[in-house]
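Participant: This is structure-v5.pdb (PDB, C-alpha atoms, pLDDT in the B column).
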```pdb
ATOM      1  CA  MET A 136     -42.534  14.808 -57.569  1.00 44.00           C
ATOM      2  CA  SER A 137     -43.694  16.161 -54.239  1.00 45.00           C
ATOM      3  CA  ASN A 138     -46.529  18.599 -53.711  1.00 48.00           C
ATOM      4  CA  LEU A 139     -44.573  21.870 -53.625  1.00 50.00           C
ATOM      5  CA  THR A 140     -46.501  25.036 -53.055  1.00 48.00           C
ATOM      6  CA  ALA A 141     -45.203  28.552 -53.325  1.00 45.00           C
ATOM      7  CA  GLU A 142     -45.183  28.754 -49.519  1.00 49.00           C
ATOM      8  CA  ALA A 143     -42.995  25.634 -49.293  1.00 55.00           C
ATOM      9  CA  LEU A 144     -40.480  27.010 -51.797  1.00 61.00           C
ATOM     10  CA  GLU A 145     -37.756  29.252 -50.513  1.00 68.00           C
ATOM     11  CA  ILE A 146     -38.207  32.334 -52.657  1.00 71.00           C
ATOM     12  CA  PRO A 147     -35.611  35.043 -52.124  1.00 73.00           C
ATOM     13  CA  GLU A 148     -37.093  38.445 -51.312  1.00 79.00           C
ATOM     14  CA  LYS A 149     -36.926  40.534 -54.483  1.00 81.00           C
ATOM     15  CA  TYR A 150     -39.303  42.753 -56.376  1.00 83.00           C
ATOM     16  CA  PHE A 151     -38.577  41.094 -59.708  1.00 90.00           C
ATOM     17  CA  TYR A 152     -37.033  37.826 -60.809  1.00 93.00           C
ATOM     18  CA  THR A 153     -35.341  36.918 -64.088  1.00 94.00           C
ATOM     19  CA  ILE A 154     -36.395  33.887 -66.093  1.00 95.00           C
ATOM     20  CA  GLY A 155     -33.238  32.148 -64.831  1.00 94.00           C
ATOM     21  CA  ASP A 156     -34.227  32.857 -61.220  1.00 93.00           C
ATOM     22  CA  VAL A 157     -37.702  31.470 -61.822  1.00 94.00           C
ATOM     23  CA  CYS A 158     -36.284  28.367 -63.497  1.00 95.00           C
ATOM     24  CA  ARG A 159     -34.048  27.671 -60.477  1.00 94.00           C
ATOM     25  CA  ILE A 160     -36.842  28.329 -57.978  1.00 93.00           C
ATOM     26  CA  THR A 161     -39.530  26.252 -59.707  1.00 94.00           C
ATOM     27  CA  GLY A 162     -37.372  23.640 -61.417  1.00 94.00           C
ATOM     28  CA  THR A 163     -38.851  24.482 -64.801  1.00 95.00           C
ATOM     29  CA  LYS A 164     -36.998  25.074 -68.057  1.00 96.00           C
ATOM     30  CA  PRO A 165     -37.153  28.473 -69.816  1.00 96.00           C
ATOM     31  CA  HIS A 166     -38.839  27.167 -72.957  1.00 97.00           C
ATOM     32  CA  ILE A 167     -41.594  25.622 -70.815  1.00 96.00           C
ATOM     33  CA  LEU A 168     -42.168  28.949 -69.032  1.00 96.00           C
ATOM     34  CA  ARG A 169     -42.366  30.800 -72.348  1.00 95.00           C
ATOM     35  CA  TYR A 170     -44.843  28.218 -73.664  1.00 96.00           C
ATOM     36  CA  TRP A 171     -47.015  28.497 -70.547  1.00 95.00           C
ATOM     37  CA  GLU A 172     -47.030  32.285 -71.001  1.00 93.00           C
ATOM     38  CA  SER A 173     -48.552  31.757 -74.437  1.00 93.00           C
ATOM     39  CA  GLN A 174     -51.182  29.372 -73.042  1.00 93.00           C
ATOM     40  CA  PHE A 175     -52.209  30.956 -69.738  1.00 92.00           C
ATOM     41  CA  LYS A 176     -53.558  34.517 -69.913  1.00 89.00           C
ATOM     42  CA  LEU A 177     -52.900  35.066 -66.211  1.00 89.00           C
ATOM     43  CA  LEU A 178     -49.178  34.456 -66.678  1.00 91.00           C
ATOM     44  CA  ARG A 179     -47.967  37.682 -68.279  1.00 91.00           C
ATOM     45  CA  PRO A 180     -44.709  38.879 -66.725  1.00 92.00           C
ATOM     46  CA  ALA A 181     -43.808  42.512 -67.227  1.00 90.00           C
ATOM     47  CA  ARG A 182     -40.950  43.371 -69.564  1.00 89.00           C
ATOM     48  CA  ARG A 183     -37.934  45.545 -69.009  1.00 89.00           C
ATOM     49  CA  TYR A 184     -37.074  48.196 -71.551  1.00 89.00           C
ATOM     50  CA  SER A 185     -34.615  45.666 -73.007  1.00 90.00           C
ATOM     51  CA  GLY A 186     -37.414  43.118 -73.482  1.00 89.00           C
ATOM     52  CA  HIS A 187     -36.314  40.788 -70.677  1.00 92.00           C
ATOM     53  CA  ARG A 188     -39.072  39.289 -68.552  1.00 92.00           C
ATOM     54  CA  LYS A 189     -39.634  40.528 -64.993  1.00 93.00           C
ATOM     55  CA  TYR A 190     -41.471  37.918 -62.901  1.00 93.00           C
ATOM     56  CA  THR A 191     -43.110  38.751 -59.573  1.00 92.00           C
ATOM     57  CA  GLN A 192     -43.809  36.521 -56.583  1.00 90.00           C
ATOM     58  CA  LYS A 193     -47.411  36.143 -57.804  1.00 90.00           C
ATOM     59  CA  ASP A 194     -46.063  34.914 -61.149  1.00 92.00           C
ATOM     60  CA  ILE A 195     -43.913  32.352 -59.347  1.00 93.00           C
ATOM     61  CA  GLU A 196     -46.905  31.189 -57.293  1.00 91.00           C
ATOM     62  CA  LEU A 197     -48.953  30.793 -60.477  1.00 93.00           C
ATOM     63  CA  ILE A 198     -46.133  28.895 -62.200  1.00 95.00           C
ATOM     64  CA  THR A 199     -45.891  26.600 -59.182  1.00 94.00           C
ATOM     65  CA  ARG A 200     -49.654  25.969 -59.330  1.00 94.00           C
ATOM     66  CA  ILE A 201     -49.547  25.297 -63.085  1.00 95.00           C
ATOM     67  CA  LYS A 202     -46.611  22.928 -62.670  1.00 95.00           C
ATOM     68  CA  PHE A 203     -48.384  21.063 -59.859  1.00 94.00           C
ATOM     69  CA  LEU A 204     -51.532  20.618 -61.959  1.00 94.00           C
ATOM     70  CA  ILE A 205     -49.754  19.573 -65.144  1.00 95.00           C
ATOM     71  CA  ILE A 206     -46.866  17.495 -63.779  1.00 93.00           C
ATOM     72  CA  ASP A 207     -48.135  16.091 -60.478  1.00 93.00           C
ATOM     73  CA  LYS A 208     -51.878  15.862 -61.105  1.00 93.00           C
ATOM     74  CA  ARG A 209     -51.463  15.046 -64.828  1.00 94.00           C
ATOM     75  CA  PHE A 210     -53.954  17.662 -66.014  1.00 94.00           C
ATOM     76  CA  THR A 211     -54.013  18.636 -69.666  1.00 94.00           C
ATOM     77  CA  LEU A 212     -53.366  22.309 -70.450  1.00 93.00           C
ATOM     78  CA  ALA A 213     -57.081  22.865 -70.967  1.00 93.00           C
ATOM     79  CA  GLY A 214     -57.847  21.090 -67.702  1.00 93.00           C
ATOM     80  CA  ALA A 215     -55.256  23.144 -65.826  1.00 94.00           C
ATOM     81  CA  LYS A 216     -56.736  26.372 -67.259  1.00 92.00           C
ATOM     82  CA  ARG A 217     -60.228  25.331 -66.150  1.00 91.00           C
ATOM     83  CA  GLU A 218     -59.001  24.368 -62.680  1.00 91.00           C
ATOM     84  CA  ILE A 219     -57.137  27.638 -62.163  1.00 90.00           C
ATOM     85  CA  ASN A 220     -60.155  29.636 -63.352  1.00 87.00           C
ATOM     86  CA  ARG A 221     -62.407  27.561 -61.076  1.00 88.00           C
ATOM     87  CA  GLN A 222     -60.129  28.223 -58.111  1.00 85.00           C
ATOM     88  CA  LEU A 223     -60.089  31.950 -58.828  1.00 82.00           C
ATOM     89  CA  THR A 224     -63.878  32.204 -59.146  1.00 80.00           C
ATOM     90  CA  ALA A 225     -64.395  30.080 -56.030  1.00 77.00           C
ATOM     91  CA  LYS A 226     -61.967  32.308 -54.164  1.00 70.00           C
ATOM     92  CA  GLY A 227     -63.749  35.413 -55.410  1.00 63.00           C
ATOM     93  CA  THR A 228     -62.156  38.747 -56.031  1.00 54.00           C
ATOM     94  CA  ASP A 229     -60.823  39.830 -52.682  1.00 55.00           C
ATOM     95  CA  MET A 230     -59.340  43.284 -52.231  1.00 51.00           C
ATOM     96  CA  LYS A 231     -56.289  41.635 -50.651  1.00 54.00           C
ATOM     97  CA  THR A 232     -55.519  39.660 -53.820  1.00 57.00           C
ATOM     98  CA  LEU A 233     -55.707  42.657 -56.146  1.00 56.00           C
ATOM     99  CA  ASP A 234     -52.728  44.702 -57.176  1.00 59.00           C
ATOM    100  CA  PRO A 235     -52.439  47.531 -54.589  1.00 61.00           C
ATOM    101  CA  SER A 236     -52.883  50.265 -57.199  1.00 60.00           C
ATOM    102  CA  MET A 237     -55.991  48.533 -58.578  1.00 66.00           C
ATOM    103  CA  ALA A 238     -57.447  48.051 -55.088  1.00 66.00           C
ATOM    104  CA  GLY A 239     -56.903  51.738 -54.313  1.00 70.00           C
ATOM    105  CA  ALA A 240     -58.517  52.812 -57.570  1.00 72.00           C
ATOM    106  CA  LEU A 241     -61.534  50.594 -56.881  1.00 74.00           C
ATOM    107  CA  GLN A 242     -61.901  51.988 -53.365  1.00 75.00           C
ATOM    108  CA  ASP A 243     -61.773  55.553 -54.722  1.00 75.00           C
ATOM    109  CA  LEU A 244     -64.402  54.690 -57.334  1.00 78.00           C
ATOM    110  CA  LYS A 245     -66.630  53.114 -54.682  1.00 78.00           C
ATOM    111  CA  ARG A 246     -66.312  56.227 -52.502  1.00 80.00           C
ATOM    112  CA  GLU A 247     -67.247  58.508 -55.420  1.00 80.00           C
ATOM    113  CA  ILE A 248     -70.286  56.387 -56.268  1.00 78.00           C
ATOM    114  CA  GLU A 249     -71.448  56.473 -52.648  1.00 76.00           C
ATOM    115  CA  GLU A 250     -71.082  60.278 -52.602  1.00 76.00           C
ATOM    116  CA  CYS A 251     -73.152  60.539 -55.789  1.00 74.00           C
ATOM    117  CA  LEU A 252     -75.844  58.328 -54.297  1.00 72.00           C
ATOM    118  CA  GLU A 253     -75.945  60.494 -51.179  1.00 74.00           C
ATOM    119  CA  LEU A 254     -76.402  63.592 -53.344  1.00 74.00           C
ATOM    120  CA  LEU A 255     -79.174  61.928 -55.336  1.00 72.00           C
ATOM    121  CA  ALA A 256     -80.945  60.404 -52.335  1.00 67.00           C
ATOM    122  CA  PRO A 257     -82.929  63.546 -51.278  1.00 65.00           C
ATOM    123  CA  GLU A 258     -84.230  64.014 -54.818  1.00 63.00           C
ATOM    124  CA  MET A 259     -85.198  60.364 -55.021  1.00 61.00           C
ATOM    125  CA  LYS A 260     -87.114  60.622 -51.728  1.00 59.00           C
ATOM    126  CA  GLN A 261     -88.948  63.725 -52.952  1.00 59.00           C
ATOM    127  CA  GLN A 262     -89.816  61.963 -56.202  1.00 62.00           C
ATOM    128  CA  GLU A 263     -91.147  58.963 -54.258  1.00 62.00           C
ATOM    129  CA  LEU A 264     -93.339  61.293 -52.186  1.00 55.00           C
ATOM    130  CA  LEU A 265     -94.677  62.985 -55.331  1.00 61.00           C
ATOM    131  CA  ASP A 266     -95.474  59.610 -56.845  1.00 65.00           C
ATOM    132  CA  LEU A 267     -97.480  58.660 -53.774  1.00 61.00           C
ATOM    133  CA  LYS A 268     -99.835  61.658 -54.118  1.00 54.00           C
TER     134      LYS A 268
END
```
Starting from the file, give its structure as structure tokens.
Facilitator:
Amino acid sequence: MSNLTAEALEIPEKYFYTIGDVCRITGTKPHILRYWESQFKLLRPARRYSGHRKYTQKDIELITRIKFLIIDKRFTLAGAKREINRQLTAKGTDMKTLDPSMAGALQDLKREIEECLELLAPEMKQQELLDLK
């Protein structure tokens, strides 16, 4: 099997994909996808009100990476988990890779913390001066 990455795959532009769509795109069977969901914590597609899975492009990219590690590179499941975790920690948490709502919430939190530090800074300077006397 060739080294297919998510960029090399032609993924139709949609917000959500069904399990059948993902199977056609990645060449993986549904029971394999469901099993990988139980084994990889990062692979948790959202569910519709009817219980059907809703996969995103990030899910498809992760499935493609898992498939490459397990099928092409012959990793065990445990080895594939370690490799994916290693890649994520090496990559670091970048604001671009976060969910947009999470990135916005983190930026708001950072701004609030900075404002609190600015409010506390004069008192801290006064306390430092008192400690010097």
Participant: Find the residues near Phe210 in chain A: any atom within 12 Å, counting all atoms listed in the file, skip ones fewer than 6 places away on the same chain, and give them as a VMD selection string.
Facilitator: chain A and resid 200 to 204 216 to 219
Participant: Restricting the calculation to all atoms listed in the file, which member of A:Gln242, A:Thr153, A:Thr163, A:Thr191 is positioned closest to Ile206 in chain A?
Facilitator: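 Of the candidates, the smallest distance to Ile206 in chain A is held by A:Thr163.
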Participant: Applying the PyMOL selection byres ((chain A and resi 172-183) around 10) to the file I just gave you, which residues come out? Please list them as a ChimeraX atom specification.
Facilitator: /A:151-154,166-171,184-191,193-195,197-198,201,212-213,215-216,219-220
Participant: Just to confirm, what's the straight-line distance from CA of Arg246 in chain A to CA of Leu223 in chain A in Å (one decimal)?
Facilitator: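 Going from CA of Arg246 in chain A over to CA of Leu223 in chain A, I get 25.8 Å.
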Participant: What gap, in Å, lies between CA of Glu148 in chain A and CA of Glu196 in chain A?
Facilitator: 13.6 Å
Participant: Just how far from CA of Gln192 in chain A is CA of Asp207 in chain A, in Å to one decimal?
Facilitator: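 The value is 21.2 Å.
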